[in-house]
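Here is target_9.csv, consisting of CSV, C-alpha atoms:
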```
chain,number,residue,atom,x,y,z
A,28,MET,CA,94.9,-276.7,112.7
A,29,HIS,CA,98.4,-275.1,113.0
A,30,GLU,CA,100.4,-278.3,112.7
A,31,LEU,CA,101.4,-277.3,109.1
A,32,SER,CA,102.9,-274.1,110.5
A,33,ILE,CA,104.6,-276.2,113.2
A,34,ALA,CA,105.8,-278.8,110.6
A,35,LEU,CA,107.3,-276.0,108.4
A,36,SER,CA,109.2,-274.6,111.4
A,37,LEU,CA,110.4,-278.1,112.3
A,38,VAL,CA,111.6,-278.7,108.7
A,39,ASP,CA,113.3,-275.3,108.8
A,40,ALA,CA,115.1,-276.1,112.1
A,41,ALA,CA,116.1,-279.6,110.9
A,42,CYS,CA,117.5,-278.3,107.6
A,43,GLU,CA,119.5,-275.7,109.4
A,44,LYS,CA,121.0,-278.3,111.7
A,45,ALA,CA,121.7,-280.7,108.8
A,46,ALA,CA,123.5,-278.0,106.9
A,47,ALA,CA,125.8,-277.4,109.9
A,48,LEU,CA,126.7,-281.1,109.8
A,49,GLY,CA,128.1,-280.8,106.3
A,50,ASP,CA,127.6,-283.6,103.8
A,51,VAL,CA,124.9,-285.8,105.4
A,52,ARG,CA,121.6,-287.3,104.4
A,53,VAL,CA,118.9,-286.9,107.1
A,54,ASP,CA,117.2,-290.3,107.5
A,55,ALA,CA,115.1,-289.4,110.5
A,56,VAL,CA,113.9,-286.4,112.6
A,57,PHE,CA,113.2,-286.9,116.2
A,58,VAL,CA,110.8,-284.7,118.1
A,59,ARG,CA,109.3,-284.6,121.5
A,60,ILE,CA,105.9,-283.1,122.2
A,61,GLY,CA,104.0,-282.7,125.4
A,62,PRO,CA,100.3,-282.8,126.0
A,63,LEU,CA,100.3,-279.0,126.8
A,64,SER,CA,102.3,-278.1,123.6
A,65,GLY,CA,99.1,-277.4,121.7
A,66,VAL,CA,100.3,-279.8,119.0
A,67,VAL,CA,98.5,-283.0,118.0
A,68,LYS,CA,100.9,-285.8,117.2
A,69,ASP,CA,98.9,-287.3,114.3
A,70,ALA,CA,98.3,-283.9,112.7
A,71,LEU,CA,102.0,-283.1,112.9
A,72,ALA,CA,102.9,-286.5,111.4
A,73,PHE,CA,100.4,-285.9,108.6
A,74,CYS,CA,101.9,-282.5,107.7
A,75,PHE,CA,105.5,-283.4,108.0
A,76,ASP,CA,106.1,-285.2,104.6
A,77,GLY,CA,104.5,-282.4,102.7
A,78,ALA,CA,106.5,-279.8,104.6
A,79,ALA,CA,109.8,-281.6,103.9
A,80,ARG,CA,109.2,-282.1,100.2
A,81,GLY,CA,111.8,-280.4,98.1
A,82,THR,CA,113.9,-279.5,101.0
A,83,ALA,CA,117.3,-280.9,102.2
A,84,ILE,CA,115.5,-283.4,104.4
A,85,ASP,CA,113.0,-284.6,101.8
A,86,GLY,CA,112.2,-288.3,102.5
A,87,ALA,CA,113.3,-288.3,106.2
A,88,ARG,CA,111.0,-290.1,108.5
A,89,LEU,CA,109.5,-288.3,111.6
A,90,GLU,CA,109.8,-290.0,115.0
A,91,ILE,CA,107.5,-288.4,117.6
A,92,ALA,CA,108.0,-289.1,121.3
A,93,GLU,CA,105.3,-288.0,123.7
A,94,ALA,CA,106.6,-286.1,126.7
A,95,PRO,CA,104.8,-286.9,129.9
A,96,LEU,CA,102.7,-284.3,131.8
A,97,VAL,CA,104.5,-283.7,135.1
A,98,ALA,CA,103.6,-281.3,137.8
A,99,LEU,CA,105.0,-280.3,141.2
A,100,CYS,CA,102.5,-281.1,143.9
A,101,PRO,CA,102.7,-278.3,146.5
A,102,ARG,CA,101.5,-280.6,149.2
A,103,CYS,CA,103.6,-283.7,148.6
A,104,MET,CA,106.5,-281.5,147.5
A,105,ASP,CA,107.2,-284.0,144.8
A,106,GLU,CA,107.0,-284.2,141.0
A,107,ARG,CA,104.0,-286.2,139.9
A,108,PRO,CA,103.1,-287.5,136.5
A,109,LEU,CA,99.5,-286.5,135.6
A,110,PRO,CA,97.3,-288.7,133.6
A,111,SER,CA,95.5,-285.9,131.8
A,112,PRO,CA,95.7,-282.1,131.2
A,113,GLN,CA,92.0,-281.9,132.0
A,114,HIS,CA,92.6,-282.4,135.6
A,115,LEU,CA,95.7,-280.8,137.1
A,116,ARG,CA,95.5,-282.5,140.4
A,117,CYS,CA,98.0,-284.6,142.3
A,118,PRO,CA,97.2,-288.2,141.6
A,119,VAL,CA,98.2,-289.1,145.1
A,120,CYS,CA,96.6,-286.4,147.3
A,121,ASP,CA,94.2,-284.7,144.9
A,122,THR,CA,95.6,-281.2,145.5
A,123,PRO,CA,95.4,-278.9,142.5
A,124,VAL,CA,98.8,-278.5,141.0
A,125,GLY,CA,99.6,-275.1,139.5
A,126,GLU,CA,103.2,-275.6,138.5
A,127,VAL,CA,103.7,-277.8,135.4
A,128,VAL,CA,107.3,-278.9,135.1
A,129,GLY,CA,106.9,-281.1,132.1
A,130,GLY,CA,104.4,-281.3,129.2
A,131,ARG,CA,104.9,-278.1,127.3
A,132,GLU,CA,107.7,-279.6,125.1
A,133,LEU,CA,107.7,-278.9,121.5
A,134,GLU,CA,111.3,-279.9,120.6
A,135,LEU,CA,113.5,-281.1,117.9
A,136,THR,CA,115.6,-283.6,119.9
A,137,ALA,CA,117.8,-285.4,117.4
A,138,LEU,CA,118.6,-286.2,113.8
A,139,GLU,CA,119.6,-289.5,112.3
A,140,VAL,CA,122.0,-288.9,109.5
A,141,THR,CA,124.2,-290.8,107.1
A,142,ASP,CA,127.6,-289.3,106.2
A,143,GLY,CA,129.4,-289.1,102.9
A,144,ALA,CA,128.8,-287.9,99.4
A,145,ALA,CA,127.2,-291.2,98.3
A,146,HIS,CA,125.5,-291.5,101.7
A,147,ARG,CA,126.7,-295.0,102.1
B,4,MET,CA,126.3,-296.2,108.8
B,5,PRO,CA,123.6,-293.9,110.1
B,6,ARG,CA,124.4,-292.0,113.3
B,7,ILE,CA,122.3,-290.0,115.8
B,8,VAL,CA,123.0,-286.4,116.3
B,9,GLU,CA,121.5,-284.9,119.5
B,10,VAL,CA,120.0,-281.5,118.9
B,11,ARG,CA,117.5,-280.4,121.5
B,12,GLU,CA,116.0,-277.1,120.5
B,13,GLY,CA,112.5,-275.7,120.5
B,14,ILE,CA,110.7,-276.2,117.2
B,15,LEU,CA,109.4,-272.7,117.5
B,16,LYS,CA,112.8,-271.3,118.6
B,17,LYS,CA,112.7,-268.6,116.0
B,18,ASN,CA,109.3,-267.4,117.1
B,19,ASP,CA,110.4,-267.5,120.7
B,20,GLN,CA,113.5,-265.5,120.0
B,21,ARG,CA,111.5,-262.9,118.1
B,22,ALA,CA,108.9,-262.8,120.9
B,23,ARG,CA,111.7,-262.2,123.5
B,24,MET,CA,113.1,-259.4,121.4
B,25,LEU,CA,109.6,-257.9,121.1
B,26,ARG,CA,109.1,-258.1,124.9
B,27,ALA,CA,112.4,-256.4,125.5
B,28,ARG,CA,111.4,-253.6,123.1
B,29,PHE,CA,108.0,-253.3,124.9
B,30,ASP,CA,109.8,-253.2,128.3
B,31,GLU,CA,112.2,-250.6,127.1
B,32,ALA,CA,109.3,-248.4,125.8
B,33,GLY,CA,107.4,-248.8,129.1
B,34,LEU,CA,104.6,-250.4,127.1
B,35,PHE,CA,102.3,-252.9,128.6
B,36,VAL,CA,101.1,-255.5,126.1
B,37,ALA,CA,98.1,-257.8,126.6
B,38,SER,CA,96.9,-260.4,124.1
B,39,LEU,CA,93.3,-261.6,123.9
B,40,VAL,CA,92.5,-265.1,122.8
B,41,SER,CA,89.2,-266.9,122.5
B,42,GLY,CA,87.0,-268.9,120.2
B,43,PRO,CA,85.3,-267.0,117.4
B,44,GLY,CA,82.4,-264.9,118.7
B,45,ALA,CA,83.3,-264.8,122.4
B,46,GLY,CA,83.3,-261.0,122.3
B,47,LYS,CA,86.9,-260.0,122.0
B,48,THR,CA,86.3,-257.1,119.8
B,49,THR,CA,83.3,-255.8,121.7
B,50,LEU,CA,85.2,-256.0,125.0
B,51,LEU,CA,88.2,-254.4,123.4
B,52,GLN,CA,86.2,-251.6,121.8
B,53,GLN,CA,84.7,-250.7,125.2
B,54,THR,CA,88.1,-251.0,126.9
B,55,LEU,CA,89.8,-248.7,124.3
B,56,GLN,CA,87.0,-246.2,124.6
B,57,ASP,CA,87.3,-246.3,128.4
B,58,LEU,CA,91.1,-246.1,128.5
B,59,LYS,CA,91.8,-243.5,125.8
B,60,GLY,CA,91.3,-240.5,128.1
B,61,LYS,CA,93.4,-242.0,130.8
B,62,CYS,CA,96.4,-243.4,129.0
B,63,ARG,CA,97.8,-243.8,125.5
B,64,VAL,CA,96.4,-247.0,124.1
B,65,GLY,CA,96.5,-248.9,120.8
B,66,ALA,CA,95.5,-252.3,119.3
B,67,LEU,CA,96.6,-254.8,116.8
B,68,VAL,CA,93.8,-257.1,115.6
B,69,GLY,CA,94.3,-260.4,113.8
B,70,ASP,CA,91.8,-262.0,111.5
B,71,LEU,CA,91.9,-264.5,108.6
B,72,ALA,CA,90.2,-262.0,106.3
B,73,THR,CA,88.6,-258.5,106.3
B,74,ASP,CA,89.5,-255.4,108.3
B,75,ARG,CA,86.0,-255.2,109.9
B,76,ASP,CA,87.3,-255.6,113.4
B,77,ALA,CA,90.0,-252.9,112.9
B,78,ARG,CA,87.4,-250.5,111.5
B,79,ARG,CA,85.2,-251.2,114.5
B,80,LEU,CA,88.1,-250.5,116.9
B,81,ALA,CA,89.3,-247.5,115.0
B,82,GLN,CA,86.0,-245.8,115.7
B,83,THR,CA,87.3,-245.3,119.3
B,84,GLY,CA,89.9,-242.9,117.8
B,85,VAL,CA,93.0,-244.8,119.0
B,86,PRO,CA,95.7,-246.3,116.7
B,87,VAL,CA,94.6,-249.6,115.4
B,88,GLN,CA,96.1,-251.9,112.9
B,89,GLN,CA,94.6,-255.0,111.3
B,90,ILE,CA,96.8,-258.1,110.7
B,91,THR,CA,95.2,-260.2,108.0
B,92,THR,CA,96.6,-263.7,108.2
B,93,GLY,CA,95.1,-265.2,105.1
B,94,THR,CA,94.7,-268.9,105.8
B,95,VAL,CA,96.9,-268.9,108.9
B,96,CYS,CA,94.8,-269.6,112.0
B,97,HIS,CA,97.0,-267.7,114.6
B,98,LEU,CA,99.2,-264.7,115.0
B,99,ASP,CA,103.0,-265.3,115.4
B,100,ALA,CA,105.8,-263.0,116.6
B,101,GLU,CA,106.9,-262.1,113.1
B,102,MET,CA,103.4,-260.8,112.2
B,103,ILE,CA,103.5,-258.6,115.3
B,104,GLU,CA,107.0,-257.4,114.5
B,105,ARG,CA,105.9,-256.4,111.0
B,106,ALA,CA,102.7,-254.8,112.1
B,107,LEU,CA,104.6,-252.6,114.6
B,108,GLU,CA,107.3,-251.5,112.1
B,109,ALA,CA,105.9,-248.0,111.7
B,110,TRP,CA,104.7,-247.6,115.3
B,111,ASP,CA,106.4,-245.4,117.8
B,112,LEU,CA,106.2,-247.7,120.8
B,113,PRO,CA,107.3,-245.2,123.5
B,114,SER,CA,104.4,-243.0,122.5
B,115,LEU,CA,102.0,-245.7,123.9
B,116,ASP,CA,101.3,-247.0,127.4
B,117,VAL,CA,99.1,-250.0,126.6
B,118,LEU,CA,98.8,-252.2,123.5
B,119,PHE,CA,96.2,-254.9,123.0
B,120,ILE,CA,96.7,-257.7,120.6
B,121,GLU,CA,93.5,-259.4,119.6
B,122,ASN,CA,94.4,-262.9,118.2
B,123,VAL,CA,92.5,-264.7,115.5
B,124,GLY,CA,89.4,-266.4,117.0
B,125,ASN,CA,90.7,-269.8,117.8
B,126,LEU,CA,91.2,-271.7,121.0
B,127,VAL,CA,93.8,-274.1,119.7
B,128,CYS,CA,96.5,-272.7,117.5
B,129,PRO,CA,97.4,-269.4,119.3
B,130,SER,CA,98.4,-271.4,122.3
B,131,SER,CA,101.8,-272.4,120.9
B,132,TYR,CA,102.9,-268.9,119.8
B,133,ASP,CA,104.5,-266.4,122.1
B,134,LEU,CA,103.8,-262.9,120.8
B,135,GLY,CA,106.0,-261.1,123.2
B,136,GLU,CA,103.0,-260.0,125.2
B,137,HIS,CA,103.2,-259.6,129.0
B,138,VAL,CA,99.9,-261.3,129.7
B,139,ARG,CA,97.7,-263.6,127.7
B,140,ILE,CA,94.0,-263.2,128.5
B,141,VAL,CA,91.6,-265.9,127.5
B,142,LEU,CA,87.9,-265.1,127.0
B,143,LEU,CA,85.1,-267.5,127.3
B,144,SER,CA,81.5,-266.4,126.6
B,145,VAL,CA,78.5,-267.8,128.5
B,146,THR,CA,76.9,-269.1,125.3
B,147,GLU,CA,79.9,-271.4,124.6
B,148,GLY,CA,79.2,-273.8,127.5
B,149,GLU,CA,80.9,-274.4,130.8
B,150,ASP,CA,83.0,-277.3,129.5
B,151,LYS,CA,85.1,-275.3,127.1
B,152,PRO,CA,88.1,-275.2,129.4
B,153,LEU,CA,88.2,-279.0,129.5
B,154,LYS,CA,88.0,-279.2,125.7
B,155,TYR,CA,90.8,-276.7,125.2
B,156,PRO,CA,93.0,-277.2,128.3
B,157,THR,CA,96.2,-275.8,126.7
B,158,ILE,CA,95.0,-272.3,125.9
B,159,PHE,CA,93.5,-272.0,129.4
B,160,ASN,CA,96.6,-273.4,131.0
B,161,THR,CA,98.9,-270.9,129.2
B,162,ALA,CA,96.7,-267.9,130.1
B,163,ASP,CA,97.4,-265.4,132.8
B,164,LEU,CA,93.8,-264.3,133.3
B,165,ALA,CA,90.4,-265.7,132.3
B,166,VAL,CA,87.5,-263.5,131.5
B,167,ILE,CA,83.9,-264.8,131.2
B,168,THR,CA,82.1,-262.6,128.8
B,169,LYS,CA,78.5,-261.8,128.0
B,170,ILE,CA,77.7,-262.5,131.7
B,171,ASP,CA,74.4,-260.6,131.3
B,172,LEU,CA,73.2,-263.6,129.2
B,173,ALA,CA,74.2,-266.2,131.8
B,174,ASP,CA,70.7,-267.0,133.0
B,175,VAL,CA,69.2,-267.0,129.5
B,176,ALA,CA,71.9,-269.3,128.3
B,177,GLY,CA,71.5,-271.6,131.3
B,178,PHE,CA,75.2,-271.0,132.1
B,179,ASP,CA,76.4,-272.5,135.3
B,180,ARG,CA,79.1,-270.1,136.6
B,181,ASP,CA,80.4,-272.3,139.3
B,182,GLU,CA,80.8,-275.2,137.0
B,183,ALA,CA,82.7,-273.0,134.5
B,184,ARG,CA,85.0,-271.7,137.3
B,185,ARG,CA,85.6,-275.3,138.5
B,186,ASN,CA,86.5,-276.4,135.0
B,187,ILE,CA,88.9,-273.5,134.5
B,188,HIS,CA,90.6,-274.3,137.7
B,189,GLU,CA,90.8,-278.0,136.8
B,190,VAL,CA,93.0,-277.1,133.8
B,191,ARG,CA,94.7,-274.2,135.5
B,192,PRO,CA,94.6,-274.2,139.3
B,193,GLY,CA,94.5,-270.7,140.7
B,194,LEU,CA,93.9,-268.8,137.5
B,195,GLU,CA,92.1,-265.5,138.2
B,196,ILE,CA,88.7,-265.3,136.7
B,197,LEU,CA,86.7,-262.2,135.9
B,198,GLU,CA,83.1,-262.0,134.8
B,199,VAL,CA,82.1,-259.1,132.5
B,200,SER,CA,79.5,-257.8,130.2
B,201,ALA,CA,80.7,-255.2,127.7
B,202,ARG,CA,77.0,-254.5,126.9
B,203,THR,CA,75.8,-253.7,130.4
B,204,GLY,CA,79.1,-252.7,132.0
B,205,ALA,CA,78.9,-255.4,134.6
B,206,GLY,CA,82.3,-256.3,136.0
B,207,ILE,CA,84.0,-253.7,133.8
B,208,ASP,CA,85.3,-251.9,136.9
B,209,SER,CA,87.2,-255.0,138.1
B,210,TRP,CA,88.5,-255.6,134.6
B,211,ARG,CA,89.8,-252.0,134.3
B,212,SER,CA,91.5,-252.2,137.7
B,213,ARG,CA,93.0,-255.6,137.0
B,214,LEU,CA,94.5,-254.3,133.7
B,215,GLN,CA,95.9,-251.4,135.7
B,216,ASP,CA,97.6,-253.7,138.2
B,217,LEU,CA,98.9,-255.9,135.5
B,218,SER,CA,100.3,-253.0,133.5
B,219,ALA,CA,102.0,-251.7,136.7
B,220,ALA,CA,104.1,-254.9,136.7
B,221,VAL,CA,105.9,-254.1,133.5
B,222,PRO,CA,109.6,-253.8,134.4
B,223,SER,CA,110.4,-250.4,133.1
B,224,ARG,CA,107.3,-248.9,134.7
B,225,GLN,CA,108.4,-250.2,138.0
B,226,ALA,CA,111.7,-248.5,137.5
B,227,GLN,CA,110.0,-245.3,136.7
B,228,GLY,CA,108.0,-245.7,140.0
```

The structure in this file should be written as structure tokens.
Amino acid sequence: MHELSIALSLVDAACEKAAALGDVRVDAVFVRIGPLSGVVKDALAFCFDGAARGTAIDGARLEIAEAPLVALCPRCMDERPLPSPQHLRCPVCDTPVGEVVGGRELELTALEVTDGAAHR
Amino acid sequence: MPRIVEVREGILKKNDQRARMLRARFDEAGLFVASLVSGPGAGKTTLLQQTLQDLKGKCRVGALVGDLATDRDARRLAQTGVPVQQITTGTVCHLDAEMIERALEAWDLPSLDVLFIENVGNLVCPSSYDLGEHVRIVLLSVTEGEDKPLKYPTIFNTADLAVITKIDLADVAGFDRDEARRNIHEVRPGLEILEVSARTGAGIDSWRSRLQDLSAAVPSRQAQG
């Protein structure tokens, strides 16, 4: 399980961004992960609070969006959402699809922040 | 009032940046770098030991080897007489680019032609971390079962070459090669698959020539002709 390492990297990245925003409180951290990112949503959620403890984003909530798995079908010449990483085949024509165009995301997408010293 | 600030950056951005810098250094040094990943016990060290032995008369080769604890693998590999360095990760289940950077601090990269990085035995965690390698090679041994690729699709999907190891034991283990190949291709269509036995030498010729082809693709080597 490497989600603790991922959570630490995420907290690090979010703290850096927050610091650049000046005097803010970070209320939420938004991430997007794909089924081929190698990261398990629940495990990341489990690790996040602990990783954030004692940092500038302590107490922020984590919002995880799941990115869809999308591949370019070489036969249909179209991007297709795939139901599972176990079967990289076009759901329409069943052709094996080598080129994954979405699904590897492991991104910090946004921060929800409150401005001001008293964080009104 | 709370507000949303769009960010959009990779969570592993720092690792990815380090990996890119490493790759640039490898290219500049004309050094081909291949990483090996597999579950524990798939035979990474045995295949590597044989490969180092085999290559050392032909080119300048070295290896980094990652483990949670002990330097047993490094000592095994060092018997081949090539430069080898152990990376002990403690409780961390994967190598990352920073560990590679640190391990290579004292190395003179241009003095080598080929560097292998043996990752920690783990089919999950290493998949997220770019190490700056040119190719990622995933190993699957016949005793692990044909369905492993379906259980760990990400690592197979991110690999550049798959090697089925311990192929001499296929019959004893009741291993269905066709099924294994089908499963690998379900999670990574078109992935090249080799079958080897480091013990008997079966398939080692193809493995050697494949490594040669792959290493020839390193940019600065192409430039050198």

Distance limit 6 Å, atoms considered: only C-alpha atoms. Which chain B residues sit that close to chain A? Return them as a tab-separated table (two decimals) with C-alpha atoms, in the frame of the given file.
```
chain	number	residue	atom	x	y	z
B	5	PRO	CA	123.60	-293.90	110.10
B	6	ARG	CA	124.40	-292.00	113.30
B	7	ILE	CA	122.30	-290.00	115.80
B	8	VAL	CA	123.00	-286.40	116.30
B	9	GLU	CA	121.50	-284.90	119.50
B	10	VAL	CA	120.00	-281.50	118.90
B	11	ARG	CA	117.50	-280.40	121.50
B	12	GLU	CA	116.00	-277.10	120.50
B	13	GLY	CA	112.50	-275.70	120.50
B	14	ILE	CA	110.70	-276.20	117.20
B	128	CYS	CA	96.50	-272.70	117.50
B	131	SER	CA	101.80	-272.40	120.90
B	153	LEU	CA	88.20	-279.00	129.50
B	157	THR	CA	96.20	-275.80	126.70
B	189	GLU	CA	90.80	-278.00	136.80
B	190	VAL	CA	93.00	-277.10	133.80
B	192	PRO	CA	94.60	-274.20	139.30
```

**Report entry** Contacts of range 61-71 of chain B within 6 Å, only C-alpha atoms, excl. fewer than 4 positions in-chain, as a ChimeraX atom specification
**Finding:** /B:85-94,115-123

Export of the given selection (C-alpha atoms) as a compact mmCIF listing (two decimals), in the frame of the given file:
```txt
# COMPACT_ATOMS: atom_id res chain seq x y z
CA VAL B 85 93.00 -244.80 119.00
CA PRO B 86 95.70 -246.30 116.70
CA VAL B 87 94.60 -249.60 115.40
CA GLN B 88 96.10 -251.90 112.90
CA GLN B 89 94.60 -255.00 111.30
CA ILE B 90 96.80 -258.10 110.70
CA THR B 91 95.20 -260.20 108.00
CA THR B 92 96.60 -263.70 108.20
CA GLY B 93 95.10 -265.20 105.10
CA THR B 94 94.70 -268.90 105.80
CA LEU B 115 102.00 -245.70 123.90
CA ASP B 116 101.30 -247.00 127.40
CA VAL B 117 99.10 -250.00 126.60
CA LEU B 118 98.80 -252.20 123.50
CA PHE B 119 96.20 -254.90 123.00
CA ILE B 120 96.70 -257.70 120.60
CA GLU B 121 93.50 -259.40 119.60
CA ASN B 122 94.40 -262.90 118.20
CA VAL B 123 92.50 -264.70 115.50
```

Report task. Enter the distance from CA of Asp150 in chain B to CA of Cys117 in chain A, in Å, rounded to one decimal. Result ->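 Between CA of Asp150 in chain B and CA of Cys117 in chain A the gap works out to 21.0 Å.
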
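From CA of Cys100 in chain A back to CA of Cys120 in chain A, the distance works out to 8.6 Å.
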
Report task. Rounded to one decimal place, report the CA of Ala173 in chain B-CA of Thr49 in chain B distance in Å. Result -> 17.1 Å

Requested in this report: May I have the protein, DNA and RNA residues with any atom at most 9 Å from the point (118.8, -278.5, 100.9), counting only C-alpha atoms, written as a list in words?
Outcome: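 Selection result: Cys42, Glu43, Ala45, Ala46, Gly81, Thr82, Ala83, Ile84 and Asp85 of chain A.
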
Just the selected residues (C-alpha atoms), exported as a PDB file, in the frame of the given file, please.
```pdb
ATOM      1  CA  CYS A  42     117.500-278.300 107.600  1.00  0.00           C
ATOM      2  CA  GLU A  43     119.500-275.700 109.400  1.00  0.00           C
ATOM      3  CA  ALA A  45     121.700-280.700 108.800  1.00  0.00           C
ATOM      4  CA  ALA A  46     123.500-278.000 106.900  1.00  0.00           C
ATOM      5  CA  GLY A  81     111.800-280.400  98.100  1.00  0.00           C
ATOM      6  CA  THR A  82     113.900-279.500 101.000  1.00  0.00           C
ATOM      7  CA  ALA A  83     117.300-280.900 102.200  1.00  0.00           C
ATOM      8  CA  ILE A  84     115.500-283.400 104.400  1.00  0.00           C
ATOM      9  CA  ASP A  85     113.000-284.600 101.800  1.00  0.00           C
TER      10      ASP A  85
END
```

Requested in this report: Skip range 25-29 of chain B itself and residues of its chain fewer than 3 positions away, then list as a ChimeraX atom specification all residues within 9 Å of it, counting all atoms listed in the file.
Outcome: /B:20-22,32-36,100,103-104,112-113,134-137,221

Requested in this report: Extract, using all atoms listed in the file, all DNA, RNA and protein residues at most 9 Å from Arg107 in chain A, discarding same-chain residues fewer than 4 positions from it, and format them as a VMD selection string.
Outcome: chain A and resid 96 to 100 117 to 119

Report task. Would you kindly return, as number ranges by chain, each protein, DNA or RNA residue with an atom no farther than 7 Å from any atom of range 141-147 of chain B, considering all atoms listed in the file and excluding same-chain residues fewer than 5 positions away? Result -> B: 39-41, 45, 159, 162, 164-170, 172-173, 176, 178

Could you please take those selected residues and save C-alpha atoms as a PDB file, in the coordinates of the input?
```pdb
ATOM      1  CA  LEU B  39      93.300-261.600 123.900  1.00  0.00           C
ATOM      2  CA  VAL B  40      92.500-265.100 122.800  1.00  0.00           C
ATOM      3  CA  SER B  41      89.200-266.900 122.500  1.00  0.00           C
ATOM      4  CA  ALA B  45      83.300-264.800 122.400  1.00  0.00           C
ATOM      5  CA  PHE B 159      93.500-272.000 129.400  1.00  0.00           C
ATOM      6  CA  ALA B 162      96.700-267.900 130.100  1.00  0.00           C
ATOM      7  CA  LEU B 164      93.800-264.300 133.300  1.00  0.00           C
ATOM      8  CA  ALA B 165      90.400-265.700 132.300  1.00  0.00           C
ATOM      9  CA  VAL B 166      87.500-263.500 131.500  1.00  0.00           C
ATOM     10  CA  ILE B 167      83.900-264.800 131.200  1.00  0.00           C
ATOM     11  CA  THR B 168      82.100-262.600 128.800  1.00  0.00           C
ATOM     12  CA  LYS B 169      78.500-261.800 128.000  1.00  0.00           C
ATOM     13  CA  ILE B 170      77.700-262.500 131.700  1.00  0.00           C
ATOM     14  CA  LEU B 172      73.200-263.600 129.200  1.00  0.00           C
ATOM     15  CA  ALA B 173      74.200-266.200 131.800  1.00  0.00           C
ATOM     16  CA  ALA B 176      71.900-269.300 128.300  1.00  0.00           C
ATOM     17  CA  PHE B 178      75.200-271.000 132.100  1.00  0.00           C
TER      18      PHE B 178
END
```

Taking all atoms of range 157-169 of chain B that the file lists, what box with edges along x, y and z, padded by 6 Å per side, do you get, with centre and edge lengths in Å to one decimal, as lines of an AutoDock Vina configuration file?
```
center_x = 88.7
center_y = -268.8
center_z = 129.6
size_x = 32.4
size_y = 26.0
size_z = 19.4
```

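For Asp208 in chain B, the list of residues within 12 Å, based on only C-alpha atoms and with local chain neighbours fewer than 6 positions off taken out, reads B:Gln53, B:Thr54, B:Asp57, B:Leu58, B:Leu197, B:Glu198, B:Val199, B:Ser200, B:Ala201, B:Leu214, B:Gln215.
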